[in-house]
file final-v4.txt (compact mmCIF, C-alpha atoms)
# COMPACT_ATOMS: atom_id res chain seq x y z
CA MET A 8 -87.13 -96.57 134.59
CA ASP A 9 -90.10 -97.85 136.53
CA LEU A 10 -88.88 -99.39 139.78
CA SER A 11 -92.11 -100.67 141.23
CA SER A 12 -91.70 -101.51 144.90
CA ARG A 13 -94.78 -103.68 144.69
CA ILE A 14 -93.33 -105.91 141.95
CA LEU A 15 -89.60 -105.75 142.72
CA GLY A 16 -89.85 -105.45 146.47
CA THR A 17 -88.96 -102.40 148.53
CA HIS A 18 -85.39 -103.49 149.21
CA THR A 19 -84.58 -104.20 145.54
CA ALA A 20 -86.27 -101.02 144.29
CA THR A 21 -84.42 -98.92 146.88
CA LYS A 22 -81.07 -100.53 146.02
CA LEU A 23 -81.59 -99.91 142.31
CA ARG A 24 -82.57 -96.26 142.90
CA ASP A 25 -79.54 -95.72 145.14
CA ARG A 26 -77.25 -97.35 142.60
CA ALA A 27 -78.63 -95.17 139.78
CA ALA A 28 -78.11 -92.02 141.87
CA SER A 29 -74.64 -92.91 143.20
CA ALA A 30 -71.41 -91.75 141.60
CA VAL A 31 -69.74 -94.29 139.35
CA LEU A 32 -66.81 -91.98 138.53
CA THR A 33 -65.18 -89.68 141.06
CA ILE A 34 -62.37 -87.36 140.01
CA GLY A 35 -61.38 -85.29 143.01
CA SER A 36 -64.41 -83.22 143.95
CA ASP A 37 -66.30 -84.03 140.73
CA ARG A 38 -68.78 -86.89 140.84
CA PHE A 39 -70.39 -88.48 137.78
CA THR A 40 -73.43 -90.74 137.97
CA ARG A 41 -74.41 -93.35 135.41
CA ALA A 42 -76.89 -90.82 133.98
CA ASP A 43 -74.16 -88.17 133.63
CA LEU A 44 -71.93 -90.55 131.69
CA ALA A 45 -74.81 -91.98 129.66
CA GLY A 46 -75.62 -88.40 128.63
CA VAL A 47 -72.33 -88.36 126.68
CA ALA A 48 -72.79 -91.96 125.40
CA CYS A 49 -70.43 -93.59 127.91
CA PHE A 50 -71.60 -96.91 129.34
CA ASN A 51 -68.35 -98.47 130.58
CA PHE A 52 -69.08 -98.26 134.27
CA GLN A 53 -66.41 -100.80 135.31
CA ALA A 54 -63.75 -98.75 133.51
CA ALA A 55 -65.16 -95.66 135.24
CA SER A 56 -64.78 -97.38 138.60
CA ASN A 57 -61.17 -98.34 137.77
CA LEU A 58 -60.43 -94.77 136.68
CA SER A 59 -61.87 -93.45 139.96
CA ALA A 60 -59.63 -95.76 141.98
CA ILE A 61 -56.55 -94.78 140.00
CA LEU A 62 -57.17 -91.03 140.12
CA SER A 63 -58.00 -91.10 143.84
CA ARG A 64 -54.41 -92.09 144.63
CA GLU A 65 -51.36 -89.92 144.31
CA LEU A 66 -50.04 -90.20 140.78
CA ARG A 67 -46.37 -90.51 139.89
CA GLY A 68 -44.45 -87.36 140.55
CA GLY A 69 -46.58 -86.55 143.60
CA VAL A 70 -49.49 -85.26 141.53
CA ARG A 71 -52.88 -85.26 143.26
CA VAL A 72 -55.92 -84.27 141.23
CA ARG A 73 -58.53 -81.92 142.65
CA ASN A 74 -61.15 -82.21 139.90
CA THR A 75 -61.70 -83.00 136.23
CA ARG A 76 -60.39 -79.61 135.08
CA ASP A 77 -57.19 -80.29 137.05
CA VAL A 78 -56.74 -83.59 135.19
CA TYR A 79 -57.37 -81.84 131.88
CA GLU A 80 -54.87 -79.08 132.59
CA MET A 81 -52.17 -80.80 134.66
CA VAL A 82 -52.10 -84.55 133.91
CA SER A 83 -50.52 -85.68 130.67
CA PRO A 84 -51.46 -88.80 128.69
CA GLU A 85 -47.91 -90.09 129.28
CA LEU A 86 -48.39 -89.90 133.03
CA LEU A 87 -51.63 -91.87 132.80
CA ALA A 88 -49.96 -94.39 130.47
CA SER A 89 -47.54 -95.19 133.27
CA MET A 90 -50.39 -96.14 135.61
CA PRO A 91 -51.17 -99.84 135.95
CA ARG A 92 -54.75 -101.02 135.26
CA LEU A 93 -55.49 -97.93 133.20
CA GLY A 94 -56.12 -98.76 129.56
CA ALA A 95 -57.64 -97.22 126.49
CA VAL A 96 -61.21 -97.87 127.66
CA SER A 97 -60.58 -96.01 130.92
CA LEU A 98 -59.10 -93.21 128.87
CA ALA A 99 -62.29 -93.12 126.78
CA VAL A 100 -64.25 -92.75 130.03
CA LEU A 101 -61.97 -89.86 130.98
CA GLY A 102 -62.80 -88.29 127.61
CA ALA A 103 -66.49 -88.69 128.43
CA ALA A 104 -65.90 -86.93 131.76
CA PHE A 105 -64.17 -84.09 129.91
CA GLU A 106 -67.19 -83.85 127.58
CA ALA A 107 -69.64 -83.90 130.49
CA LYS A 108 -67.75 -80.99 132.08
CA GLY A 109 -67.48 -79.11 128.78
CA LEU A 110 -63.68 -79.31 128.59
CA GLY A 111 -61.96 -79.53 125.22
CA GLY A 112 -64.98 -79.05 122.99
CA ASP A 113 -66.34 -81.80 120.74
CA ALA A 114 -63.04 -83.70 120.54
CA ALA A 115 -62.09 -83.56 124.20
CA LEU A 116 -59.44 -86.31 124.13
CA ASP A 117 -57.75 -84.82 121.06
CA ALA A 118 -57.71 -81.37 122.62
CA TRP A 119 -56.30 -82.82 125.87
CA ALA A 120 -53.57 -84.72 124.03
CA LYS A 121 -52.64 -81.67 121.93
CA ARG A 122 -52.43 -79.62 125.09
CA HIS A 123 -49.81 -81.96 126.58
CA PHE A 124 -47.80 -82.90 123.49
CA PRO A 125 -45.49 -80.37 121.86
CA SER A 126 -46.59 -79.51 118.35
CA ASP A 127 -43.42 -80.99 116.82
CA LYS A 128 -43.95 -84.34 118.56
CA ALA A 129 -46.17 -86.84 116.79
CA VAL A 130 -49.29 -87.81 118.71
CA VAL A 131 -49.52 -91.57 119.08
CA THR A 132 -52.19 -93.91 120.41
CA PHE A 133 -52.56 -94.59 124.11
CA ASP A 134 -51.57 -98.23 123.54
CA THR A 135 -48.29 -97.05 122.03
CA LEU A 136 -47.66 -94.84 125.08
CA LYS A 137 -48.36 -97.83 127.36
CA ALA A 138 -46.00 -100.04 125.33
CA ARG A 139 -43.23 -97.42 125.50
CA ASP A 140 -43.66 -97.08 129.25
CA GLN A 141 -43.58 -100.84 129.77
CA ALA A 142 -40.46 -101.13 127.59
CA GLU A 143 -38.73 -98.41 129.65
CA HIS A 144 -39.60 -100.21 132.88
CA ALA A 145 -38.38 -103.52 131.44
CA ASP A 146 -35.07 -101.90 130.43
CA GLU A 147 -34.70 -100.41 133.91
CA ARG A 148 -35.35 -103.81 135.52
CA ARG A 149 -32.83 -105.43 133.16
CA ARG A 150 -30.15 -102.84 134.03
CA GLU A 151 -30.92 -103.20 137.74
CA LYS A 152 -30.54 -106.99 137.55
CA ALA A 153 -27.22 -106.62 135.71
CA ARG A 154 -25.93 -104.21 138.39
CA LYS A 155 -27.08 -106.60 141.10
CA ARG A 156 -25.29 -109.55 139.43
CA ALA A 157 -22.11 -107.50 139.04
CA ARG A 158 -22.16 -106.44 142.73
CA ARG A 159 -22.87 -110.00 143.82
CA ASN A 160 -20.02 -111.41 141.68
CA THR A 161 -17.57 -108.78 142.93
CA ALA A 162 -18.52 -109.49 146.55
CA HIS A 163 -18.14 -113.22 145.98
CA GLU A 164 -14.69 -112.80 144.41
CA THR A 165 -13.65 -110.65 147.39
CA ARG A 166 -14.84 -113.31 149.85
CA VAL A 167 -13.07 -116.07 147.94
CA GLY A 168 -9.87 -114.03 147.81
CA ARG A 169 -9.97 -113.46 151.59
CA PHE A 170 -10.60 -117.14 152.19
CA VAL A 171 -7.69 -118.17 149.96
CA ASP A 172 -5.41 -115.66 151.71
CA ARG A 173 -6.43 -117.01 155.14
CA GLN A 174 -5.83 -120.59 154.00
CA ALA A 175 -2.40 -119.67 152.61
CA THR A 176 -1.34 -117.95 155.87
CA ALA A 177 -2.65 -120.89 157.91
CA HIS A 178 -0.51 -123.33 155.86
CA ASP A 179 2.57 -121.13 156.15
CA GLU A 180 2.44 -121.13 159.94
call {"tool": "encode", "arguments": {"input": "final-v4.txt", "output": "structure tokens"}}
result
Amino acid sequence: MDLSSRILGTHTATKLRDRAASAVLTIGSDRFTRADLAGVACFNFQAASNLSAILSRELRGGVRVRNTRDVYEMVSPELLASMPRLGAVSLAVLGAAFEAKGLGGDAALDAWAKRHFPSDKAVVTFDTLKARDQAEHADERRREKARKRARRNTAHETRVGRFVDRQATAHDE
């Protein structure tokens, strides 16, 4: 791309060059620029940014990723499905990162999924994994609310019983 400083201005041309050279996806020590991702036909740079933010934090179970190979080998699709703000498009970007690093061959996402799913378990879409995870969390919240209501009701009945007993002994005296 021709970034003429004379036409665009030095500041704008410099900013555009810096942006083109900066990493849009960071997975541990691996950094992918827009050109790296475009080389494997990936142009979802916002999803790449979201994926970077998600993988930079500690994942559930205390997992911290060191690089793209570490994600490929250690992180399962189910674990990523449990992460908020990570959808199918971000997963496609992860597949592009696998391709850029030469992991998993031509069908990097399929190879990654097969690696983490037992052969007797049916492979499902990422959206299905997300839906299952959300349903599990909803069930857990529902059970937690029921336990909370039961504890609250038991405590209230105990307080009422004590109050009634105190009132009865006060009338007897």
call {"tool": "closest_atom_pairs", "arguments": {"input": "final-v4.txt", "of": "stretch 26-77 of chain A", "to": "stretch 104-109 of chain A", "cutoff": "12 Å", "atoms": "all atoms listed in the file", "output": "tab-separated table"}}
result
residue	atom	partner	partner_atom	distance
A:Val31	CA	A:Ala104	CA	11.2
A:Leu32	CA	A:Ala104	CA	8.5
A:Thr33	CA	A:Ala104	CA	9.7
A:Ile34	CA	A:Ala104	CA	9.0
A:Asp37	CA	A:Lys108	CA	9.3
A:Arg38	CA	A:Ala104	CA	9.5
A:Phe39	CA	A:Ala104	CA	7.7
A:Thr40	CA	A:Ala104	CA	10.5
A:Arg41	CA	A:Ala104	CA	11.3
A:Ala42	CA	A:Ala107	CA	10.6
A:Asp43	CA	A:Ala107	CA	7.0
A:Leu44	CA	A:Ala104	CA	7.0
A:Ala45	CA	A:Ala107	CA	9.6
A:Gly46	CA	A:Ala107	CA	7.7
A:Val47	CA	A:Ala107	CA	6.5
A:Ala48	CA	A:Ala107	CA	10.0
A:Cys49	CA	A:Ala104	CA	8.9
A:Phe50	CA	A:Ala104	CA	11.7
A:Asn51	CA	A:Ala104	CA	11.9
A:Ala55	CA	A:Ala104	CA	9.4
A:Leu58	CA	A:Ala104	CA	10.8
A:Ser59	CA	A:Ala104	CA	11.2
A:Asn74	CA	A:Lys108	CA	10.3
A:Thr75	CA	A:Phe105	CA	6.9
A:Arg76	CA	A:Phe105	CA	7.8
A:Asp77	CA	A:Phe105	CA	10.7
call {"tool": "residues_near_point", "arguments": {"input": "final-v4.txt", "point": "(-53.8, -79.4, 135.9)", "cutoff": "12 Å", "atoms": "all atoms listed in the file", "output": "ChimeraX atom specification"}}
result
/A:35,70-83,119,122-123
call {"tool": "closest_residue", "arguments": {"input": "final-v4.txt", "among": "A:Ala27, A:Leu87, A:Val96, A:Leu10", "to": "A:Asp140", "atoms": "all atoms listed in the file"}}
result
A:Leu87
call {"tool": "atom_distance", "arguments": {"input": "final-v4.txt", "atom1": "atom CA of A:Leu66", "atom2": "atom CA of A:Asp113"}}
result
27.2 Å
call {"tool": "atom_distance", "arguments": {"input": "final-v4.txt", "atom1": "atom CA of A:Glu85", "atom2": "atom CA of A:Leu136"}}
result
6.3 Å
call {"tool": "atom_distance", "arguments": {"input": "final-v4.txt", "atom1": "atom CA of A:Asp117", "atom2": "atom CA of A:Gly69"}}
result
25.2 Å
